[in-house]
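Shown next: entry-v4.txt, containing compact mmCIF, C-alpha atoms and all ligand atoms.
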# COMPACT_ATOMS: atom_id res chain seq x y z
CA MET F 1 47.59 17.34 53.01
CA THR F 2 48.96 17.80 49.47
CA ASP F 3 52.14 19.25 50.92
CA ASP F 4 52.52 16.26 53.23
CA ILE F 5 52.21 13.74 50.45
CA LEU F 6 54.63 15.61 48.14
CA GLU F 7 57.15 15.87 50.98
CA GLU F 8 56.87 12.10 51.29
CA VAL F 9 57.35 11.68 47.51
CA LYS F 10 60.46 13.87 47.64
CA ALA F 11 61.85 11.78 50.49
CA ILE F 12 61.13 8.53 48.64
CA LEU F 13 62.91 9.77 45.49
CA GLU F 14 66.03 10.42 47.53
CA TYR F 15 66.48 6.67 48.15
CA GLY F 16 67.28 6.05 44.48
CA PRO F 17 65.67 5.53 41.07
CA ILE F 18 62.17 4.18 41.53
CA CYS F 19 59.56 3.14 38.94
CA ASP F 20 56.05 4.62 38.83
CA HIS F 21 54.58 1.34 40.09
CA CYS F 22 56.72 1.21 43.21
CA LEU F 23 56.29 4.96 43.86
CA GLY F 24 52.53 4.77 43.43
CA ARG F 25 52.32 1.68 45.66
CA MET F 26 53.71 3.68 48.58
CA PHE F 27 50.28 5.38 48.54
CA GLY F 28 48.46 2.40 47.07
CA LYS F 29 45.54 2.41 49.46
CA ARG F 30 44.77 6.10 48.83
CA SER F 31 41.99 7.03 46.45
CA PHE F 32 40.25 4.65 44.04
CA GLY F 33 40.14 4.00 40.33
CA LEU F 34 43.85 4.48 39.79
CA ASN F 35 46.59 2.02 38.92
CA ASN F 36 49.75 2.34 40.97
CA ASP F 37 51.73 3.47 37.94
CA GLU F 38 49.17 6.28 37.38
CA ARG F 39 49.53 7.23 41.06
CA GLY F 40 53.32 7.23 40.75
CA ARG F 41 53.43 9.29 37.56
CA SER F 42 50.88 11.81 38.90
CA LEU F 43 52.84 12.33 42.09
CA ARG F 44 56.04 12.82 40.14
CA ILE F 45 54.27 15.42 37.95
CA ALA F 46 52.73 17.16 40.96
CA LEU F 47 56.13 17.41 42.62
CA SER F 48 57.66 18.93 39.42
CA LEU F 49 54.89 21.53 39.33
CA LYS F 50 55.20 22.33 42.99
CA GLU F 51 58.98 22.70 42.85
CA ASP F 52 58.82 24.26 39.35
CA ILE F 53 61.46 21.91 37.99
CA PRO F 54 61.54 20.03 34.64
CA PHE F 55 59.51 16.84 34.66
CA SER F 56 61.32 13.69 33.59
CA PRO F 57 60.15 10.12 33.85
CA GLU F 58 62.45 7.66 35.66
CA LYS F 59 64.98 6.27 33.17
CA GLU F 60 67.14 4.14 35.46
CA GLU F 61 66.29 0.71 36.79
CA CYS F 62 64.05 0.72 39.86
CA TRP F 63 66.09 -0.05 42.97
CA ILE F 64 63.18 -1.86 44.59
CA CYS F 65 61.72 -4.12 41.87
CA SER F 66 64.33 -3.99 39.05
CA ASN F 67 61.48 -2.98 36.71
CA LEU F 68 59.53 -6.16 37.43
CA PHE F 69 56.32 -4.54 36.21
CA ASP F 70 57.73 -4.10 32.69
CA ARG F 71 57.78 -7.89 32.51
CA ILE F 72 54.12 -8.57 33.38
CA SER F 73 53.46 -9.81 29.84
CA LEU F 74 56.37 -12.23 30.12
CA TRP F 75 54.96 -13.60 33.40
CA THR F 76 51.54 -13.82 31.80
CA GLU F 77 52.96 -15.96 29.00
CA ARG F 78 54.73 -18.18 31.51
CA VAL F 79 51.54 -18.70 33.53
CA ALA F 80 49.47 -19.37 30.41
CA ALA F 81 52.07 -21.90 29.24
CA GLU F 82 51.87 -23.75 32.58
CA PHE F 83 48.06 -23.73 32.41
CA ASP F 84 48.18 -25.35 29.00
CA GLY F 85 46.48 -28.75 29.00
CA ILE F 86 44.63 -28.10 32.27
CA GLU F 87 40.89 -27.57 32.07
CA PHE F 88 39.58 -25.06 34.64
CA LYS F 89 37.25 -22.11 35.12
CA THR F 90 38.68 -20.18 38.05
CA MET F 91 42.21 -19.37 39.11
CA LEU F 92 44.27 -17.50 41.64
CA MET F 93 47.73 -15.95 41.34
CA GLY F 94 50.36 -16.19 44.00
CA CYS F 95 54.02 -15.23 44.07
CA ARG F 96 57.22 -15.65 45.98
CA VAL F 97 58.83 -12.22 46.35
CA PRO F 98 62.62 -12.18 46.74
CA PRO F 99 63.31 -11.16 50.36
CA LEU F 100 65.50 -8.25 49.26
CA MET F 101 62.64 -6.68 47.27
CA ALA F 102 60.24 -6.99 50.19
CA GLU F 103 62.84 -5.61 52.57
CA SER F 104 63.56 -2.58 50.36
CA GLU F 105 59.96 -1.40 50.27
CA GLU F 106 59.36 -2.20 53.94
CA MET F 107 62.38 -0.06 54.82
CA ILE F 108 60.75 2.99 53.20
CA TRP F 109 57.40 2.29 54.84
CA SER F 110 58.93 2.25 58.27
CA ASP F 111 61.48 5.06 57.74
CA LEU F 112 58.77 7.45 56.52
CA GLU F 113 55.95 5.97 58.61
CA LEU F 114 53.77 5.68 55.51
CA GLN F 115 50.11 5.09 56.33
CA SER F 116 48.72 3.49 53.18
CA PRO F 117 51.26 1.45 51.22
CA GLU F 118 50.41 -1.68 49.27
CA PRO F 119 52.90 -4.59 49.19
CA LEU F 120 54.59 -5.50 45.90
CA LYS F 121 53.15 -9.01 46.16
CA ALA F 122 49.57 -7.71 45.99
CA GLU F 123 50.19 -5.56 42.91
CA PHE F 124 52.11 -8.28 41.11
CA ASN F 125 49.36 -10.88 41.72
CA ARG F 126 46.66 -8.46 40.64
CA GLU F 127 48.45 -7.32 37.47
CA VAL F 128 49.37 -10.85 36.36
CA GLY F 129 45.84 -12.02 37.21
CA LYS F 130 44.26 -9.27 35.11
CA ALA F 131 46.56 -10.02 32.18
CA VAL F 132 45.96 -13.78 32.37
CA THR F 133 42.20 -13.15 32.49
CA ALA F 134 42.52 -10.95 29.40
CA ALA F 135 44.55 -13.60 27.61
CA THR F 136 42.57 -16.70 28.60
CA GLY F 137 39.11 -15.54 29.66
CA LYS F 138 39.48 -17.37 33.02
CA GLU F 139 38.35 -15.61 36.15
CA VAL F 140 40.19 -14.97 39.38
CA ASN F 141 38.50 -16.51 42.42
CA PHE F 142 39.89 -15.95 45.90
CA ARG F 143 37.73 -18.43 47.77
CA ARG F 144 37.64 -21.65 45.75
CA PRO F 145 39.95 -21.41 42.72
CA ASP F 146 40.30 -24.49 40.51
CA VAL F 147 43.99 -23.78 39.98
CA VAL F 148 46.64 -21.63 41.66
CA ALA F 149 49.69 -20.33 39.80
CA LEU F 150 52.67 -19.58 41.99
CA CYS F 151 55.27 -17.31 40.37
CA ASP F 152 58.73 -17.55 41.85
CA ILE F 153 60.09 -14.12 40.94
CA SER F 154 63.80 -14.79 41.49
CA ALA F 155 63.78 -18.33 40.03
CA GLU F 156 61.63 -17.07 37.11
CA THR F 157 59.47 -20.18 37.30
CA VAL F 158 55.74 -20.85 37.64
CA ASP F 159 54.29 -23.75 39.64
CA VAL F 160 50.68 -24.69 39.11
CA GLN F 161 48.70 -26.25 41.91
CA ILE F 162 45.56 -28.02 40.66
CA ASN F 163 42.96 -28.13 43.39
CA PRO F 164 40.94 -31.32 43.87
CA LEU F 165 37.52 -31.87 42.35
CA TYR F 166 35.04 -33.01 45.00
CA ILE F 167 32.00 -35.10 44.08
CA TYR F 168 29.17 -35.92 46.48
CA GLY F 169 27.24 -39.16 46.10
CA ARG F 170 26.05 -42.33 47.79
CA TYR F 171 27.34 -45.85 47.34
CA CYS F 172 25.89 -49.28 47.87
CA LYS F 173 28.06 -52.33 48.42
CA TYR F 174 26.56 -55.68 47.43
CA GLU F 175 29.52 -57.95 48.06
CA ARG F 176 31.00 -58.79 51.44
CA GLY F 177 34.75 -58.66 51.92
CA ILE F 178 35.42 -55.32 50.24
CA PRO F 179 36.96 -52.70 52.54
CA GLN F 180 35.83 -49.10 52.17
CA THR F 181 39.32 -47.75 51.57
CA ARG F 182 42.66 -49.19 50.50
CA TRP F 183 44.41 -51.26 53.13
CA HIS F 184 48.14 -51.62 53.03
CA CYS F 185 49.48 -55.14 53.39
CA ARG F 186 50.36 -55.69 57.06
CA ILE F 187 53.62 -57.42 56.23
CA CYS F 188 55.18 -54.98 53.76
CA ARG F 189 53.11 -51.86 54.51
CA GLY F 190 52.42 -51.20 50.85
CA GLU F 191 55.80 -51.90 49.31
CA GLY F 192 54.84 -55.29 47.89
CA CYS F 193 55.83 -58.75 49.14
CA GLU F 194 55.03 -62.42 48.52
CA ARG F 195 52.20 -62.42 51.02
CA CYS F 196 50.28 -59.74 49.08
CA ASN F 197 51.38 -60.99 45.66
CA PHE F 198 53.40 -57.77 45.29
CA THR F 199 50.32 -55.58 45.24
CA GLY F 200 51.10 -53.95 48.60
CA LYS F 201 47.43 -54.40 49.49
CA MET F 202 45.47 -56.61 51.90
CA TYR F 203 42.54 -56.76 49.50
CA GLN F 204 42.59 -56.46 45.74
CA ASP F 205 39.76 -53.98 45.64
CA SER F 206 38.16 -51.40 47.88
CA VAL F 207 35.06 -49.28 47.47
CA GLU F 208 37.48 -46.37 47.13
CA GLU F 209 39.22 -47.95 44.14
CA LEU F 210 36.05 -49.27 42.49
CA ILE F 211 34.64 -45.73 42.54
CA GLY F 212 37.97 -43.94 42.19
CA ARG F 213 39.46 -45.72 39.17
CA PRO F 214 36.86 -44.56 36.61
CA ALA F 215 36.90 -41.07 38.16
CA THR F 216 40.70 -40.90 37.93
CA ALA F 217 40.58 -42.00 34.30
CA ILE F 218 37.78 -39.66 33.21
CA CYS F 219 39.22 -36.63 35.02
CA GLU F 220 42.77 -37.53 33.92
CA ALA F 221 43.70 -37.24 37.57
CA GLU F 222 46.49 -38.62 39.75
CA ASP F 223 44.36 -40.36 42.34
CA ALA F 224 40.97 -40.37 44.04
CA ILE F 225 40.32 -40.46 47.79
CA LEU F 226 37.03 -41.58 49.30
CA HIS F 227 35.63 -39.72 52.33
CA GLY F 228 32.68 -41.74 53.64
CA ALA F 229 30.02 -40.80 56.16
CA GLY F 230 31.27 -43.51 58.50
CA ARG F 231 32.11 -47.00 57.30
CA GLU F 232 30.58 -50.44 57.36
CA ASP F 233 32.52 -53.50 58.48
CA ILE F 234 34.41 -55.21 55.70
CA ASP F 235 32.03 -58.19 55.94
CA ALA F 236 28.87 -56.03 55.95
CA ARG F 237 27.02 -55.04 52.83
CA MET F 238 25.75 -51.49 52.36
CA LEU F 239 22.25 -51.55 50.92
CA GLY F 240 19.18 -49.31 50.70
CA ASP F 241 19.80 -45.70 49.71
CA GLY F 242 23.52 -46.13 50.16
CA ARG F 243 26.16 -44.38 52.24
CA PRO F 244 26.94 -40.70 51.56
CA PHE F 245 30.49 -39.96 50.49
CA VAL F 246 32.60 -37.26 48.93
CA LEU F 247 35.15 -38.40 46.37
CA GLU F 248 38.25 -36.20 46.25
CA VAL F 249 39.73 -36.37 42.75
CA VAL F 250 43.39 -35.39 43.06
CA ARG F 251 45.04 -33.13 40.41
CA PRO F 252 42.35 -33.47 37.74
CA LEU F 253 43.27 -32.19 34.26
CA LYS F 254 39.56 -32.33 33.39
CA ARG F 255 36.89 -31.10 35.80
CA SER F 256 33.84 -30.11 33.78
CA ILE F 257 32.81 -33.72 33.46
CA SER F 258 29.31 -35.11 33.20
CA LEU F 259 28.29 -36.69 36.52
CA ASP F 260 25.87 -38.91 34.60
CA LYS F 261 28.65 -40.30 32.45
CA LEU F 262 30.93 -40.79 35.43
CA GLU F 263 28.13 -42.52 37.33
CA ASP F 264 27.56 -44.86 34.38
CA ALA F 265 31.27 -45.59 34.05
CA ILE F 266 31.55 -46.49 37.75
CA ASN F 267 28.43 -48.61 37.78
CA THR F 268 29.49 -50.46 34.63
CA SER F 269 33.00 -51.24 35.85
CA ALA F 270 32.05 -52.07 39.47
CA LYS F 271 29.17 -54.22 38.28
CA ASP F 272 27.27 -56.12 41.00
CA ARG F 273 29.85 -55.27 43.61
CA VAL F 274 29.39 -51.55 44.23
CA SER F 275 27.06 -48.96 42.72
CA VAL F 276 26.86 -45.20 43.09
CA THR F 277 24.54 -42.29 42.54
CA LEU F 278 26.39 -39.01 42.08
CA ASP F 279 24.58 -35.92 43.24
CA HIS F 280 26.61 -32.74 42.91
CA VAL F 281 30.01 -31.15 42.72
CA SER F 282 31.03 -30.66 46.31
CA ASP F 283 33.80 -28.91 48.25
CA ARG F 284 36.25 -29.33 51.10
CA HIS F 285 33.70 -28.11 53.68
CA GLU F 286 31.36 -30.93 52.83
CA VAL F 287 34.17 -33.42 53.38
CA GLU F 288 34.45 -32.10 56.93
CA SER F 289 30.72 -32.31 57.59
CA ILE F 290 30.53 -35.81 56.14
CA LYS F 291 33.45 -37.00 58.25
CA SER F 292 31.99 -35.60 61.46
CA GLY F 293 29.96 -38.83 61.43
CA LYS F 294 26.77 -37.72 63.10
CA ALA F 295 24.47 -39.73 60.84
CA HIS F 296 22.04 -42.31 62.23
CA LYS F 297 22.22 -45.71 60.55
CA LYS F 298 19.70 -48.41 59.91
CA TYR F 299 20.82 -52.04 59.84
CA SER F 300 19.22 -55.25 58.71
CA ILE F 301 20.61 -58.14 60.76
CA LEU F 302 20.15 -61.86 61.20
CA VAL F 303 20.28 -63.17 64.77
CA LYS F 304 20.68 -66.69 66.14
CA THR F 305 20.03 -67.83 69.70
CA ASP F 306 21.39 -70.79 71.66
CA SER F 307 17.91 -72.19 72.40
CA ASN F 308 14.65 -72.23 70.55
CA LEU F 309 12.28 -69.36 71.20
CA THR F 310 8.92 -68.53 69.74
CA LEU F 311 8.75 -65.57 67.39
CA ASN F 312 6.50 -63.93 69.96
CA GLU F 313 9.12 -64.23 72.73
CA MET F 314 11.72 -62.76 70.38
CA CYS F 315 9.46 -59.85 69.36
CA THR F 316 8.72 -58.98 72.99
CA ALA F 317 12.41 -58.88 73.87
CA VAL F 318 13.27 -56.86 70.74
CA ASN F 319 10.50 -54.34 71.39
CA SER F 320 11.72 -53.77 74.93
CA LEU F 321 14.90 -52.24 73.47
CA LYS F 322 13.08 -49.63 71.39
CA GLY F 323 14.03 -46.07 72.33
CA VAL F 324 16.33 -47.34 75.08
CA THR F 325 19.72 -45.75 75.76
CA ILE F 326 22.40 -48.40 75.78
CA GLY F 327 25.57 -48.21 77.85
CA GLN F 328 28.40 -49.72 75.84
CA ARG F 329 31.82 -50.29 77.26
CA THR F 330 34.32 -50.36 74.37
CA PRO F 331 33.73 -53.76 72.72
CA GLU F 332 36.31 -56.48 73.12
CA ARG F 333 36.76 -56.67 69.33
CA VAL F 334 37.88 -53.05 69.03
CA SER F 335 39.41 -52.55 72.50
CA HIS F 336 42.94 -52.64 71.06
CA ARG F 337 42.08 -49.65 68.85
CA ARG F 338 39.86 -47.51 71.05
CA ALA F 339 40.09 -46.13 74.55
CA ASP F 340 38.21 -48.21 77.09
CA LYS F 341 35.21 -46.22 78.24
CA VAL F 342 31.43 -46.45 78.46
CA ARG F 343 29.54 -44.69 75.65
CA GLU F 344 25.82 -44.07 75.68
CA ARG F 345 23.94 -44.54 72.41
CA ARG F 346 20.23 -44.77 71.74
CA VAL F 347 18.34 -47.46 69.86
CA ILE F 348 16.09 -45.20 67.80
CA ASP F 349 14.01 -48.00 66.35
CA ILE F 350 14.13 -51.80 66.41
CA GLU F 351 11.80 -54.44 65.05
CA CYS F 352 11.79 -58.18 64.52
CA THR F 353 10.38 -58.80 61.03
CA GLY F 354 10.34 -62.59 60.86
CA VAL F 355 12.39 -65.77 60.70
CA GLU F 356 14.77 -66.73 57.88
CA ASP F 357 16.75 -70.00 57.85
CA ASP F 358 16.61 -70.44 61.66
CA ASN F 359 17.63 -66.80 62.06
CA TYR F 360 15.50 -63.98 63.34
CA LYS F 361 15.41 -60.99 61.00
CA ILE F 362 15.76 -57.72 62.87
CA GLU F 363 15.87 -54.12 61.61
CA VAL F 364 17.51 -51.64 63.90
CA THR F 365 18.17 -47.90 63.61
CA GLY F 366 20.85 -46.67 65.96
CA GLU F 367 22.37 -43.38 66.94
CA ALA F 368 25.78 -42.84 65.27
CA GLY F 369 28.34 -45.02 67.03
CA LEU F 370 25.99 -47.71 68.41
CA TYR F 371 27.73 -51.08 68.22
CA ILE F 372 25.10 -53.44 66.80
CA LYS F 373 26.84 -56.80 67.31
CA GLU F 374 27.27 -55.99 71.01
CA LEU F 375 23.69 -54.70 71.32
CA ILE F 376 22.63 -58.25 70.48
CA SER F 377 25.30 -60.32 72.26
CA GLY F 378 25.79 -58.12 75.32
CA ASP F 379 29.57 -58.53 74.86
CA HIS F 380 29.94 -60.48 78.14
CA GLY F 381 28.12 -57.84 80.13
CA ARG F 382 30.00 -54.89 78.62
CA THR F 383 26.86 -53.68 76.77
CA ILE F 384 23.79 -53.06 78.96
CA PRO F 385 20.99 -53.69 78.26
CA SER F 386 21.28 -56.14 75.36
CA LEU F 387 19.04 -58.58 73.53
CA THR F 388 20.84 -61.47 75.26
CA GLU F 389 19.98 -59.94 78.65
CA LYS F 390 16.33 -59.35 77.66
CA LEU F 391 15.96 -62.91 76.33
CA GLY F 392 17.84 -64.62 79.11
CA VAL F 393 19.65 -66.75 76.51
CA PRO F 394 22.72 -65.90 74.42
CA ALA F 395 21.97 -64.30 71.06
CA TYR F 396 24.43 -63.25 68.38
CA VAL F 397 24.56 -61.62 64.94
CA THR F 398 25.21 -63.95 61.99
CA SER F 399 24.87 -61.34 59.24
CA LEU F 400 24.77 -57.58 59.19
CA ASP F 401 23.91 -55.12 56.45
CA VAL F 402 23.64 -51.36 56.55
CA VAL F 403 20.44 -50.37 54.78
CA MET F 404 20.34 -46.63 55.33
CA VAL F 405 22.65 -43.84 56.36
CA GLU F 406 20.96 -40.58 57.10
CA GLY F 407 22.28 -37.95 54.68
CA VAL F 408 24.51 -35.22 55.98
CA ILE F 409 24.37 -32.76 53.11
CA SER F 410 25.68 -29.37 54.17
CA GLU F 411 23.50 -26.29 53.60
CA ASP F 412 25.81 -24.99 50.87
CA ASN F 413 25.25 -27.96 48.66
CA LYS F 414 21.57 -28.65 49.02
CA SER F 415 21.09 -26.93 45.67
CA GLN F 416 20.21 -28.86 42.57
CA ARG F 417 22.67 -31.17 40.99
CA HIS F 418 25.08 -29.39 38.63
CA ARG F 419 25.32 -30.94 35.20
ZN ZN Q 1 59.73 -0.66 40.89
ZN ZN Q 2 52.83 -57.20 51.22

As structure tokens, what does this structure read like?
Amino acid sequence: MTDDILEEVKAILEYGPICDHCLGRMFGKRSFGLNNDERGRSLRIALSLKEDIPFSPEKEECWICSNLFDRISLWTERVAAEFDGIEFKTMLMGCRVPPLMAESEEMIWSDLELQSPEPLKAEFNREVGKAVTAATGKEVNFRRPDVVALCDISAETVDVQINPLYIYGRYCKYERGIPQTRWHCRICRGEGCERCNFTGKMYQDSVEELIGRPATAICEAEDAILHGAGREDIDARMLGDGRPFVLEVVRPLKRSISLDKLEDAINTSAKDRVSVTLDHVSDRHEVESIKSGKAHKKYSILVKTDSNLTLNEMCTAVNSLKGVTIGQRTPERVSHRRADKVRERRVIDIECTGVEDDNYKIEVTGEAGLYIKELISGDHGRTIPSLTEKLGVPAYVTSLDVVMVEGVISEDNKSQRHR
């Protein structure tokens, strides 16, 4: 075994001057508790002893890496300089290796059929990471780093990617006419025109902006994107416990913020229009689970009919829909946006709770995706059964509010709120 490895070392040295790091890396996955430069130096010593020749360290520039590893402290300074002004706890190093460097080492691997080499990229990232940790106290995290430093070895530059901060919460919307997310103006598509008063927007405010603006300011971020668990119609309020959402704060310079303070700032600035409760610092996975949209929703609606009915007649018809699976052909109002097909959704619970200003008050809990307006109107026979069908007279929704969205908190984040 020892003979084999020293034969390989001898063969590697014949390619040209090579530093201890690059020599050691050729056997980088052998043994533990050694740095590659220790591996390289030991092998060089072992070969001198075996051949009984004078030992001399490599004095010429390494033909593979041009002595890149002598400049780790320089790269560390560059990374630390780019991190300056960014608040974070965890980081990850990445690098762009010049193709010629990668090719040189790969040539030796394949020529000599080496079994356990480590790529230059891996050693560089590890060594810079260790040095940056020593200099800044920040830890390397492979799974969910706050920031990623990308060293471009030939350009001698460092790019820092700041990962988003995700915040899970629920929002209520008390004012009708506010869309959930920003809507570009239909005329100018966001560029600004007379129609939109050069704002580029259809509506001045959105839930996304009312929540996002204070978050962007407090986190010194570039932007904030709202990922909601479904969305209510623009003219529907969102009441009760509120709708779950994850706010994605883009490129935050500050991320160890107090959720209480942020919650207060949002609720103060969005006064009477939108309110939030913030629960915990979230992650990208929770955005996916929240957007899968499998939450049941409870609505409070007002319904009018074309002829007078007793409350008793209404209650009987309403109760007959409880627990019933409804066949809904894509509603006329959304047929231009969605494929025309029949979907089956269940009415989990429905109850008529009284009369208010000539309207019947109804509370209905539906499976995700149940179209409520059509459940009442029947949508000209496209929704079966419907309240209109059960009553025998046309009925329609005059007001609709979402009062509850079942939470969809992922297992990972059920833990207590982080403060
Ligand atoms: Zn080298
Ligand atoms: Zn416009």

| said: I'd like the neighbourhood of F:Ile350 as a PyMOL selection string, where a residue qualifies if any of its atoms comes within 8 Å (using only C-alpha atoms), though same-chain residues fewer than 3 positions away should be ignored. | reply: chain F and resi 318-319+321-322+347+362-365

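Across the model, the gap from atom CA of F:Phe69 to atom CA of F:Ala11 is 22.4 Å.
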
Given only C-alpha atoms and all ligand atoms, how would the per-residue table for chain F near ligand ZN 1 (chain Q) read, listing every residue at most 7 Å away with its closest atom pair and distance in Å to one decimal, sorted by chain and number, as CSV?
residue,atom,partner,partner_atom,distance
F:Ile18,CA,Q:ZN1,ZN,5.5
F:Cys19,CA,Q:ZN1,ZN,4.3
F:Asp20,CA,Q:ZN1,ZN,6.8
F:His21,CA,Q:ZN1,ZN,5.6
F:Cys22,CA,Q:ZN1,ZN,4.2
F:Cys62,CA,Q:ZN1,ZN,4.7
F:Trp63,CA,Q:ZN1,ZN,6.7
F:Ile64,CA,Q:ZN1,ZN,5.2
F:Cys65,CA,Q:ZN1,ZN,4.1
F:Ser66,CA,Q:ZN1,ZN,6.0
F:Asn67,CA,Q:ZN1,ZN,5.1
F:Leu68,CA,Q:ZN1,ZN,6.5
F:Phe69,CA,Q:ZN1,ZN,7.0

Pick out the residues sitting within 12 Å of F:Arg96, and hand them over as a PDB file with C-alpha atoms, keeping the file's coordinate frame; count all atoms listed in the file, and ignore anything fewer than 3 positions along from it in its own chain.
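And here's selection38.pdb as it stands now:
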ATOM      1  CA  MET F  93      47.730 -15.950  41.340  1.00  0.00           C
ATOM      2  CA  PRO F  99      63.310 -11.160  50.360  1.00  0.00           C
ATOM      3  CA  LEU F 100      65.500  -8.250  49.260  1.00  0.00           C
ATOM      4  CA  MET F 101      62.640  -6.680  47.270  1.00  0.00           C
ATOM      5  CA  ALA F 102      60.240  -6.990  50.190  1.00  0.00           C
ATOM      6  CA  LEU F 120      54.590  -5.500  45.900  1.00  0.00           C
ATOM      7  CA  LYS F 121      53.150  -9.010  46.160  1.00  0.00           C
ATOM      8  CA  ALA F 122      49.570  -7.710  45.990  1.00  0.00           C
ATOM      9  CA  PHE F 124      52.110  -8.280  41.110  1.00  0.00           C
ATOM     10  CA  ASN F 125      49.360 -10.880  41.720  1.00  0.00           C
ATOM     11  CA  ALA F 149      49.690 -20.330  39.800  1.00  0.00           C
ATOM     12  CA  LEU F 150      52.670 -19.580  41.990  1.00  0.00           C
ATOM     13  CA  CYS F 151      55.270 -17.310  40.370  1.00  0.00           C
ATOM     14  CA  ASP F 152      58.730 -17.550  41.850  1.00  0.00           C
ATOM     15  CA  ILE F 153      60.090 -14.120  40.940  1.00  0.00           C
ATOM     16  CA  SER F 154      63.800 -14.790  41.490  1.00  0.00           C
ATOM     17  CA  ALA F 155      63.780 -18.330  40.030  1.00  0.00           C
ATOM     18  CA  GLU F 156      61.630 -17.070  37.110  1.00  0.00           C
ATOM     19  CA  THR F 157      59.470 -20.180  37.300  1.00  0.00           C
ATOM     20  CA  VAL F 158      55.740 -20.850  37.640  1.00  0.00           C
ATOM     21  CA  ASP F 159      54.290 -23.750  39.640  1.00  0.00           C
TER      22      ASP F 159
END

| task | All residues within 10 Å of ligand ZN 2 (chain Q) are required, counting all atoms listed in the file; please report them as a list of chain:residue names. | result |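 Residues lying within 10 Å of ligand ZN 2 (chain Q): F:His184, F:Cys185, F:Arg186, F:Ile187, F:Cys188, F:Arg189, F:Gly190, F:Glu191, F:Gly192, F:Cys193, F:Glu194, F:Arg195, F:Cys196, F:Asn197, F:Phe198, F:Thr199, F:Gly200, F:Lys201, F:Met202.
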
| message | Could you list, as a PyMOL selection string, every residue within 9 Å of F:Glu209, counting all atoms listed in the file and ignoring same-chain residues fewer than 3 positions away? | response | chain F and resi 180-182+205-206+212-214+224-226

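For the pair atom CA of F:Arg30 and atom CA of F:Leu13, the interatomic distance is 18.8 Å.
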
| If you count all atoms listed in the file, which residues fall within 6 Å of F:Ile234, apart from same-chain ones fewer than 2 positions away, as a PyMOL selection string? | chain F and resi 177-179+236

| When you draw a straight line from atom CA of F:Gly230 to atom CA of F:Lys291, how long is it in Å? | 6.9 Å

| Leaving out stretch 250-263 of chain F and any residue of its chain fewer than 6 positions from it, which residues lie within 12 Å of it when counting all atoms listed in the file, given as a PyMOL selection string? | chain F and resi 83-90+146-148+160-171+210-226+269-271+274-282+417-419

| task | Tell me which of F:Leu74, F:Leu49, F:Asp233, F:Val249 sits closest to F:Val334, counting all atoms listed in the file. | result | F:Asp233

| query | Between F:Ala339, F:Ile326, F:Val355, F:Leu309, which has the minimum distance to F:Leu370 (counting all atoms listed in the file)? | reply | F:Ile326

| task | Rank nothing, just name the residue among F:Val128, F:Val402, F:Asp306, F:Asp349 nearest to F:Gly240, using all atoms listed in the file. | result | F:Val402

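Take the candidates F:Lys173, F:Lys138, F:Thr76, F:Ser307 and check each one against F:Gly242 using all atoms listed in the file; the shortest distance goes to F:Lys173.
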
| query | Restricting the calculation to all atoms listed in the file, which member of F:Pro244, F:Ser335, F:Thr383, F:Leu375 is positioned closest to F:Val405? | reply | F:Pro244

Stretch 176-185 of chain F dumped to file, N, CA and C atoms, as a CSV table (one decimal), in the first residue's frame:
chain,number,residue,atom,x,y,z
F,176,ARG,N,-62.6,46.8,2.1
F,176,ARG,CA,-62.8,46.2,0.8
F,176,ARG,C,-62.0,47.0,-0.3
F,177,GLY,N,-61.6,46.4,-1.4
F,177,GLY,CA,-61.0,47.1,-2.5
F,177,GLY,C,-59.5,47.1,-2.4
F,178,ILE,N,-58.9,46.3,-1.5
F,178,ILE,CA,-57.4,46.2,-1.4
F,178,ILE,C,-57.0,44.8,-1.9
F,179,PRO,N,-56.3,44.8,-3.0
F,179,PRO,CA,-55.8,43.5,-3.5
F,179,PRO,C,-54.8,42.9,-2.6
F,180,GLN,N,-54.6,41.5,-2.7
F,180,GLN,CA,-53.6,40.9,-1.8
F,180,GLN,C,-52.2,41.3,-2.2
F,181,THR,N,-52.0,41.3,-3.5
F,181,THR,CA,-50.6,41.6,-4.0
F,181,THR,C,-50.7,42.7,-5.0
F,182,ARG,N,-49.5,43.3,-5.3
F,182,ARG,CA,-49.4,44.4,-6.2
F,182,ARG,C,-50.0,44.0,-7.6
F,183,TRP,N,-50.7,44.9,-8.2
F,183,TRP,CA,-51.3,44.7,-9.5
F,183,TRP,C,-50.7,45.7,-10.4
F,184,HIS,N,-50.1,45.3,-11.5
F,184,HIS,CA,-49.6,46.3,-12.5
F,184,HIS,C,-50.8,46.9,-13.2
F,185,CYS,N,-50.6,48.1,-13.5
F,185,CYS,CA,-51.6,48.8,-14.3
F,185,CYS,C,-51.8,48.1,-15.7
